[in-house]
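Asker: I have a structure here, written as structure tokens, and I will follow up with some questions on it.
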Amino acid sequence: MPSGDTQSATVSHVAQEDTESISLYINNLWEVKEFDINTERDVQKMTEIINFYQEQPHVLDPHLQTWIDKLLEIGLSDKVSQMSINLAFKYLYLLTKVRGQKYIVRLLPHEVADIETVLTMLESDRSDIWHAKYVLFLWLSILVLIPFDLKRLDGEKEEGWSIRRMLKIATSRIEGAEKSSEAAALVVAKLVTRPDLHAEHLKPTLTQLINDCKAAENDVVFGSRTKLGTLTALCRIYKLGRRDYLLPHSRYVLQQLEEMSLGINHNTLLRKFETKLAQRIGISFLAPRVAKWRYTRGTRLLADSLNKGTEKQRNVESDRNVRNSEEDDEEGYEIPDEIEDVLEVLFRGLRDPETIVRWSAAKGVGRITARLPRSLATDIVNQLLDCFSPLETASSWHGGCLAMAELGRHGFLLPHHLPEVVPILVKALQYDEKRGNLIIGANVRDAACYLCWSFARTYEPEQIKPFVHTIASSLILTTLFDRHTGCRRAASAAFQENVGRQGSFPHGIDILTTCDYYAVALQSNTYHKLSVKVASYEPYGKPIVDHLAEVKVKHWCPTIRKDASIALGLLCSTLPDYISSHILPSLLDSLETGDFNSRHGALHAIGDICVGLRDRLDQISDRDIDKINNTLATLESRGSFRGSGGDEMRGAVCYFIQKISTAGIRLTVNTLQVWQEFLNVCIVNPEQYVGVQNMSVDALRAFSWQYYTESNPEMWSHIVQHYTSQLRHEFTATRVGSALALSVLPGCVLGCNTAALLNHLTPCTKVLNKSETSLAECRVSAVKAITNIQLVCPCNSETRAQIYRVLLACLADYSTDSRGDIGSYVREAAMSCLMKCNQFILSRGHPTINLTFTRDLKMELVGGFLQQSVEKIDRTRQVALEALHHIVHSELELVGHEILKTAVPLLPTISSSVILPKTEQEKEAVAMREGDVFLQNVEYNNPGVLFPRAMVIIKSTEYRHHFLRGLVVSIGGLTESLVKASSSAFVDYLTEHEEDLENVCKGLINVLVADHKNDRIVVPLFKTVELMLTNVILEEELGNKFTAQFVSQVKSELKGCGSVVKLLSSLSPLANCLQFSSNSTVLSQIMLLLCHRYPRVRKGMADAFYTALVTFDDVIENTEEVSQILEDTVWEDPNDIEELRRKRNKICDLVGVAQPKLLKPNKPKPKVTNVEQFDSYSDLVGRAGY
């Protein structure tokens, strides 16, 4: 089978390896005895190979005959196992499924002797799987067509015995639910419709099938399967039989079908087969003929459609079409009354809830109409028009569109019906309804596109010309603005077909290249980009704008409403006069009269339109500006902010205020006050609708920067005091919103008293008590507000220094709650704000730079960024790397600048002023360069790239401490990829740079001292030390010095420690310290931990001690005896602690270490009677060793 990379490519032939594999799997069947693992593998591979050619099965044709002969030989052989026979027929079924039964049956043997073989096989137990039955019945279906009398097969039996035998076998299998029942029905149909057998067997077979179907009404369990089988056989008979054979029995079959009332059955397949059988019975009533009255188009070649020919040729074709359409030969038509009953079944099928039933009914309507006179065909079209009543369901609309398309495609929908059909077509293209939680209409719109496609292939351009503008505009609207990608693509395909066939759609080729299959896949792309391009063509601009304003802005889906409003704003550049004079006033009026969706969409649309017209504000009338000023009052009078949609409407008003402010619409003083009060309410909105708070902050930013430009100290002071008073509110949303408001206000509002404002905000960035630990959002908002002071207010050097101190302090926020490390949000916000502050100050010039960036401040900034850039959270590392990259490659002179540039190289950027490539070589070079830049930017935060490059920071005395604090957290983390990348980079660096070992050892001890009792650093640092002692060779003097300091600090850390995690992480590094000579302190600490109160700690220490004795040579005296004691003792035994102390003391004597002594002797516990096994939770914890 071709590789996965080429599966989508066109296959021109069967691969040689596939041919060999299939032959091998077929030959292996001779040896199969049971379904073992090898057989299962062969079957799976065989299935994969054959299924690969499902889309282009004709490439299998050269090999099929050989494979089929081999498989039949195995399937009919007596020398193979039953499993081989079953698998042979399964392979035959796979080939039939892929290539199709009509082709496969032609390759099966057609000898007379094969009939007995097949019948015997079907009657025996050797065909016990449905694959075998299916293939054998298919084989029999071709064998029964042999061109001689089947009675010759009777031999000495009574006449007709062979035929009755075949019918008995086939009819007995019809009632099953297996695939073989379809093939059995085919055998029955072909057998009873033979010219020499229909007179004798057709009527009894029809009667038996109908009786079986009616008798199944009482069978609740298997009745549906029996009905399906019998209906399948009846449909096959009426499909294969000649009309003169079937006509005498059609009235009886139709009468029985009506009595069974299958149309009300809940089984979809039964309703489908009822529709299919009814249409075929109806066809049998009507003589086959070519309707002279049907519409025939002169040419169907695309080239001829584009090349319209001479005027004389067009007139000749037009006259011929008129004659054909007007000619109606009513003579010779005999229409039985039963056709009405058949049409009733078909029209009921058009309204069926299931698509497969409607599609079958639509095809039936088209086939029957083809045999009716023109007058009756017109009645059918009129009846179909009733399917599009407003009271009809979506199923009726869908079925009607399918039926209309079938009639039009075959020329039975005459041109004089187009004035009635086209308006319905336009409505169907926009059919979209929401009924409760159910969204309906996509299938209707898709069928309407199919109807448009059929029009393109049916009518001459002259016939369709009066409706070109309507159809083209409707198709464009569906192509651009439909909710479903499938419908947009279907409309695009229908538009393309009309452009090619009709040649009269305005700007057709230009629009096709814009709205192709892939361009319409993304909804935002069609609304925001394609709609603007298409609207630039004259016939489509106003329909697009009208549709957006009248339909999509009022749509039930919020996303559609928002996209439509954005599109209207973008279209202002194309049709500014029409939008300002017609669309904007109507949207403002809908705020007073529309429903919730209309008001919500209108608010968004009005705001976007005003932004689109901001360069033409003089085109907005004074009446419209007054209505904009009174918008809030209008909405409040309508009660828009009450009820379940109140929060969503507040968000829309905030969006409206933001856009109106951006556009700079003229507002009154009263409106400014009302809008400010409204934003004050929304900005502290609780979190039921989170978007309100964020949208209100954006609105306040645009509103305040646009309108708060004049000096009004009293009003500014009131606003600032309002927000600062709520910074310590009891509700989190109020705190967050107030701080966010202060983060967007302009400098004129915040005023010059920045020191007082900082005093209010600074406590909000800290965790003042345990209850505020989880309020990370409040601290993030306060950080943004403090940054805003730096950016918009005049600050002296002291204020700037205070701001930097507050932001740097936020880099130490490692608070956690049930969500995890929520302090990371604060650290990320602080780093982003520090980068903004740096950019702002660097843009002010050298005097401000020198006053602000002192040597200590620059070192703190770089150190803080470095620590965060090598910690364990990817998102935090990314933010830190961006901030670090900015400061390292700025004009600031940093300590250790060269080392920093090595660790944080300058990222390449793609220049926007490059010379456009002309030759193919230049294009390839540019593509490769841009690809390299993209890869470098993507891999910048990749741990496998970051850590090896950043290890050079160890050489820097100034930044080593910060770097190691972050590095140990990654090395001792939990993420496998991060731990692997950081650990390998650390070990590799120390192995290659032995001169830095001493600095690293000192740095780790300094970190351990500085972060005393800080488990976030200490626990991963223990793992880092274990990694270093295990993988890096330290010199004797350095090792002794380092281990002595390390053990001393560990002893201090573990004093009074109750954390099992911390205790367990210290065991292995302590044991690894034994490899150096000054190990008496280590042994003393190990002896203490061997009798720790927690069993897990005792067990872990014994294991680590034993491993160290085995790993390192001559670390203690009496190694074998000590190892034997460690191995034989059950250190986790919670019951006999005194025995464990005795053995521990024996080890102390063997290694020459003083025995630990209890500070307080154990007091005997008083006996307690009648207590539970665990009388308290603390007792349970103590017994478990946690």
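Going through the structure tokens in order, the chains are called A, B, and so on, while each chain numbers its residues from 1 and the ligands are numbered from 1 in the order shown.
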Using only C-alpha atoms, which protein or nucleic acid residues come within 9 Å of Glu34 in chain A? Drop anything in the same chain fewer than 2 positions from it, and give the result as a VMD selection string.

Answerer: chain A and resid 32 36 39 81 to 84

Asker: Take the residues just selected and output them with C-alpha atoms as a PDB file, in the first residue's frame.

Answerer:
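And here is the file that came out, again_8.pdb:
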```pdb
ATOM      1  CA  VAL A  32      -5.422 -21.531   8.151  1.00  0.00           C
ATOM      2  CA  ASP A  36      -4.952 -16.999  15.669  1.00  0.00           C
ATOM      3  CA  THR A  39      -4.509 -14.755  10.823  1.00  0.00           C
ATOM      4  CA  SER A  81     -10.933 -25.680   7.318  1.00  0.00           C
ATOM      5  CA  GLN A  82     -14.167 -23.847   7.947  1.00  0.00           C
ATOM      6  CA  MET A  83     -12.154 -20.811   9.022  1.00  0.00           C
ATOM      7  CA  SER A  84     -10.446 -20.714   5.606  1.00  0.00           C
TER       8      SER A  84
END
```

Asker: Excluding Ser843 in chain A and residues on its chain fewer than 4 positions from it, collect all residues at most 12 Å away from it, counting only C-alpha atoms, and give them as a ChimeraX atom specification.

Answerer: /A:791,836-839,847-849,890-892

Asker: Write the residues of the preceding selection, restricted to all heavy atoms, as a compact mmCIF listing (two decimals), in the first residue's frame.

Answerer:
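Heads up, here's the output in selection04.txt:
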```
# COMPACT_ATOMS: atom_id res chain seq x y z
N LEU A 791 3.19 55.64 33.03
CA LEU A 791 3.11 55.94 31.60
C LEU A 791 2.39 57.24 31.30
O LEU A 791 2.68 57.87 30.28
CB LEU A 791 2.39 54.79 30.87
CG LEU A 791 3.04 53.40 30.98
CD1 LEU A 791 2.22 52.37 30.22
CD2 LEU A 791 4.47 53.42 30.48
N LYS A 836 7.11 47.51 29.70
CA LYS A 836 6.49 48.74 29.21
C LYS A 836 7.14 49.97 29.84
O LYS A 836 7.40 50.97 29.15
CB LYS A 836 5.00 48.73 29.52
CG LYS A 836 4.21 47.70 28.75
CD LYS A 836 2.74 47.75 29.15
CE LYS A 836 1.93 46.68 28.40
NZ LYS A 836 0.50 46.70 28.82
N CYS A 837 7.41 49.89 31.13
CA CYS A 837 8.06 51.01 31.81
C CYS A 837 9.46 51.25 31.22
O CYS A 837 9.86 52.41 31.02
CB CYS A 837 8.15 50.76 33.30
SG CYS A 837 6.55 50.74 34.16
N ASN A 838 10.18 50.19 30.99
CA ASN A 838 11.51 50.33 30.40
C ASN A 838 11.44 50.99 29.03
O ASN A 838 12.22 51.91 28.71
CB ASN A 838 12.19 48.97 30.27
CG ASN A 838 12.47 48.34 31.62
OD1 ASN A 838 12.49 49.03 32.65
ND2 ASN A 838 12.70 47.03 31.64
N GLN A 839 10.49 50.55 28.20
CA GLN A 839 10.34 51.14 26.88
C GLN A 839 9.98 52.61 26.98
O GLN A 839 10.50 53.44 26.21
CB GLN A 839 9.26 50.38 26.10
CG GLN A 839 9.63 48.96 25.74
CD GLN A 839 8.46 48.20 25.13
OE1 GLN A 839 7.31 48.59 25.29
NE2 GLN A 839 8.77 47.10 24.46
N PRO A 847 18.83 61.81 29.98
CA PRO A 847 18.75 62.29 31.37
C PRO A 847 17.81 61.43 32.22
O PRO A 847 18.15 61.04 33.34
CB PRO A 847 18.20 63.72 31.20
CG PRO A 847 18.63 64.13 29.84
CD PRO A 847 18.53 62.89 29.01
N THR A 848 16.65 61.10 31.68
CA THR A 848 15.70 60.26 32.43
C THR A 848 16.24 58.86 32.63
O THR A 848 16.07 58.24 33.68
CB THR A 848 14.35 60.20 31.68
OG1 THR A 848 13.90 61.53 31.44
CG2 THR A 848 13.33 59.45 32.50
N ILE A 849 16.95 58.35 31.62
CA ILE A 849 17.52 57.00 31.71
C ILE A 849 18.53 56.94 32.84
O ILE A 849 18.52 56.01 33.66
CB ILE A 849 18.16 56.61 30.37
CG1 ILE A 849 17.07 56.48 29.29
CG2 ILE A 849 18.93 55.30 30.50
CD1 ILE A 849 17.62 56.24 27.91
N SER A 890 18.76 46.51 24.52
CA SER A 890 18.46 47.95 24.50
C SER A 890 19.76 48.73 24.62
O SER A 890 20.85 48.17 24.62
CB SER A 890 17.51 48.28 25.66
OG SER A 890 18.16 48.09 26.91
N GLU A 891 19.62 50.04 24.73
CA GLU A 891 20.81 50.89 24.82
C GLU A 891 21.38 50.97 26.24
O GLU A 891 22.39 51.64 26.46
CB GLU A 891 20.46 52.30 24.35
CG GLU A 891 19.31 52.93 25.14
CD GLU A 891 18.91 54.27 24.56
OE1 GLU A 891 19.63 55.25 24.84
OE2 GLU A 891 17.90 54.32 23.84
N LEU A 892 20.77 50.27 27.19
CA LEU A 892 21.28 50.30 28.56
C LEU A 892 22.60 49.54 28.64
O LEU A 892 22.79 48.51 28.00
CB LEU A 892 20.27 49.65 29.52
CG LEU A 892 18.96 50.40 29.76
CD1 LEU A 892 18.05 49.58 30.66
CD2 LEU A 892 19.22 51.76 30.37
```

Asker: Which residues of range 754-810 of chain A come within 9 Å of range 723-741 of chain A, and for each one, what is the closest pair of atoms and their distance in Å to one decimal, counting only C-alpha atoms, sorted by chain and residue number, as CSV?

Answerer:
```
residue,atom,partner,partner_atom,distance
A:Leu757,CA,A:Thr724,CA,7.7
A:His760,CA,A:Thr724,CA,6.7
A:Leu761,CA,A:Leu727,CA,7.6
A:Cys764,CA,A:Leu727,CA,7.3
A:Leu775,CA,A:Thr732,CA,7.2
A:Glu777,CA,A:Val736,CA,6.5
A:Cys778,CA,A:Val736,CA,4.8
A:Arg779,CA,A:Val736,CA,8.1
A:Val780,CA,A:Val736,CA,8.3
A:Ser781,CA,A:Ala739,CA,5.2
A:Ala782,CA,A:Ala739,CA,5.2
A:Val783,CA,A:Ala739,CA,8.5
A:Lys784,CA,A:Leu740,CA,7.1
A:Ala785,CA,A:Ala739,CA,5.9
A:Ile786,CA,A:Ala739,CA,9.0
```

Asker: Tell me which of A:Leu632, A:Ala1102, A:Leu95, A:Leu153 sits closest to Val112 in chain A, counting only C-alpha atoms.

Answerer: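 Of the candidates, the smallest distance to Val112 in chain A is held by A:Leu153.
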
Asker: Pick out the closest residue to Phe947 in chain A from this set: A:Glu860, A:Asp546, A:Asp1015, A:Asp988. Count only C-alpha atoms.

Answerer: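 Looking at the shortest contact to Phe947 in chain A, the residue is A:Asp988.
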
Asker: Quick check for you: according to DSSP on this backbone, which residues of range 378-614 of chain A are classed as alpha helix (DSSP H)? Reply as number ranges by chain.

Answerer: A: 378-385, 394-409, 418-429, 442-458, 461-464, 468-481, 485-502, 508-514, 523-525, 531-535, 541-550, 558-571, 576-578, 584-593, 596-612
